[in-house]
Amino acid sequence: MSKASGVMSDQTLLDRTFWVALILKGLDGALEIIGGVLLMLVSPAQLGQLARFLTQHEISEDRHDLIANALLHVTSGLTGGATLFGAIYLLLHGLVKVVLVLAILKNKLWAYPWMVAFLVAFILYQGYQLIVGFSWGLVLLTAFDIFIVVLTIREYGNHRRRSLGKDRNAVPATAEPRK
């Protein structure tokens with residue numbers, strides 16, 4: 001990867017993993033924004049019809065299909081308020097993710113602590129959701145978020161050390177130039 005994108009060519013596997021995970025988080029944010037917009041445009045009844053259409057083949061083959069039945073159950077209980085809450089949640093969550101990921105990709109030092117704080121807040125919320133109703137998908141998402149927090153903290157430390165190293169070699173504006 002190039003220096004222009006803020007990624008050095010002498011990266012470790014962990015460094016490259018951070019950048020790949022960060023890009024995946026940004027893509028996830030973009031998908032959340034799209035999902036939020038769709039939820040604002042589609043009524044709960046239309047979502048129920050779409051779920052029935054998408055699951056009819058699976059249900060006809062296996063009336064006890066876990067995923068198809070879960071999807072039908074979730075969409076059958078949707079209300080206008082629930083879809084509005086979901087849309088706003090997805091839009092805000094996705095927008096914050098995309099902004100923070102883009103800022104980190106542009107080497108904005110301020111974005112690292114904000115990314116960590118944002119993810120920790122959602123990890124806590126996801127932990128609460130796991131207590132209320134266990135889901136393997138949520139377990140995997142939470143584990144991925146914890147992994148990204150650890151990598152972000154590591155990368156933030158590396159980024160700060162590089163920044164401080166450059167500043168120590170700089171000549172103060174009020175000092176005499178070095179000879």
# chains A, B, ... in the order shown; residues from 1 in each chain; ligands from 1
>>> closest_atom_pairs(of="segment 66-133 of chain A", to="segment 139-159 of chain A", cutoff="6 Å", atoms="only C-alpha atoms", output="tab-separated table")
residue	atom	partner	partner_atom	distance
A:Tyr112	CA	A:Tyr156	CA	6.0
A:Val116	CA	A:Val149	CA	5.5
A:Ile123	CA	A:Thr142	CA	5.9
>>> residues_around(residues="segment 89-104 of chain A", least_positions_apart="3", cutoff="12 Å", atoms="only C-alpha atoms", output="PyMOL selection string")
chain A and resi 5-7+18-40+82-86+107-119+121-122+145+148+152+155-156+159
>>> write_last_selection(atoms="C-alpha atoms", output="mmCIF file, in the first residue's frame")
data_model
loop_
_atom_site.group_PDB
_atom_site.id
_atom_site.type_symbol
_atom_site.label_atom_id
_atom_site.label_comp_id
_atom_site.auth_asym_id
_atom_site.auth_seq_id
_atom_site.Cartn_x
_atom_site.Cartn_y
_atom_site.Cartn_z
ATOM 1 C CA SER A 5 -2.992 6.435 1.948
ATOM 2 C CA GLY A 6 -1.241 6.553 5.305
ATOM 3 C CA VAL A 7 -0.159 2.933 5.206
ATOM 4 C CA PHE A 18 -6.099 -3.562 11.020
ATOM 5 C CA TRP A 19 -6.474 -1.826 7.648
ATOM 6 C CA VAL A 20 -8.558 -4.661 6.195
ATOM 7 C CA ALA A 21 -10.796 -4.749 9.297
ATOM 8 C CA LEU A 22 -11.114 -0.959 9.163
ATOM 9 C CA ILE A 23 -12.217 -1.062 5.529
ATOM 10 C CA LEU A 24 -14.711 -3.825 6.355
ATOM 11 C CA LYS A 25 -16.062 -1.641 9.172
ATOM 12 C CA GLY A 26 -16.435 1.238 6.707
ATOM 13 C CA LEU A 27 -18.277 -0.992 4.218
ATOM 14 C CA ASP A 28 -20.495 -2.199 7.071
ATOM 15 C CA GLY A 29 -21.266 1.441 7.865
ATOM 16 C CA ALA A 30 -22.160 2.128 4.237
ATOM 17 C CA LEU A 31 -24.510 -0.884 4.234
ATOM 18 C CA GLU A 32 -26.111 0.372 7.448
ATOM 19 C CA ILE A 33 -26.750 3.747 5.818
ATOM 20 C CA ILE A 34 -28.374 2.015 2.838
ATOM 21 C CA GLY A 35 -30.435 -0.166 5.208
ATOM 22 C CA GLY A 36 -31.523 2.865 7.204
ATOM 23 C CA VAL A 37 -32.651 4.684 4.065
ATOM 24 C CA LEU A 38 -34.553 1.590 2.890
ATOM 25 C CA LEU A 39 -36.262 1.259 6.270
ATOM 26 C CA MET A 40 -37.422 4.854 5.994
ATOM 27 C CA ALA A 82 -39.949 0.157 15.414
ATOM 28 C CA THR A 83 -38.967 0.667 11.778
ATOM 29 C CA LEU A 84 -38.410 4.388 12.370
ATOM 30 C CA PHE A 85 -36.192 3.612 15.376
ATOM 31 C CA GLY A 86 -34.323 1.007 13.315
ATOM 32 C CA ASN A 107 -4.394 9.795 9.130
ATOM 33 C CA LYS A 108 -6.475 12.038 11.390
ATOM 34 C CA LEU A 109 -5.107 11.297 14.861
ATOM 35 C CA TRP A 110 -8.274 12.562 16.610
ATOM 36 C CA ALA A 111 -10.354 9.818 14.969
ATOM 37 C CA TYR A 112 -8.643 6.901 16.722
ATOM 38 C CA PRO A 113 -9.909 7.655 20.271
ATOM 39 C CA TRP A 114 -13.346 8.482 18.879
ATOM 40 C CA MET A 115 -13.434 5.149 17.030
ATOM 41 C CA VAL A 116 -12.475 3.310 20.222
ATOM 42 C CA ALA A 117 -15.076 5.178 22.302
ATOM 43 C CA PHE A 118 -17.770 4.617 19.688
ATOM 44 C CA LEU A 119 -17.046 0.911 19.410
ATOM 45 C CA ALA A 121 -20.226 2.072 23.595
ATOM 46 C CA PHE A 122 -21.715 -0.309 21.054
ATOM 47 C CA ASP A 145 -15.735 -5.078 17.361
ATOM 48 C CA ILE A 148 -11.056 -3.821 16.029
ATOM 49 C CA THR A 152 -7.232 0.536 16.800
ATOM 50 C CA GLU A 155 -2.426 1.478 15.669
ATOM 51 C CA TYR A 156 -3.158 4.721 17.544
ATOM 52 C CA HIS A 159 0.674 6.510 14.886
#
>>> select_by_dssp(residues="chain A", states="alpha helix (DSSP H)", output="PyMOL selection string")
chain A and resi 13-41+44-61+66-76+80-105+111-132+136-169
>>> atom_distance(atom1="atom CA of Gly127 of chain A", atom2="atom CA of Asp65 of chain A")
26.8 Å
>>> residues_around(residues="Ala70 of chain A", least_positions_apart="3", cutoff="12 Å", atoms="only C-alpha atoms", output="number ranges by chain")
A: 51-52, 55, 59, 63-67, 73-77, 135
>>> closest_residue(among="A:Thr79, A:Ser163, A:Thr17, A:Ser60", to="Leu47 of chain A", atoms="only C-alpha atoms")
A:Thr79
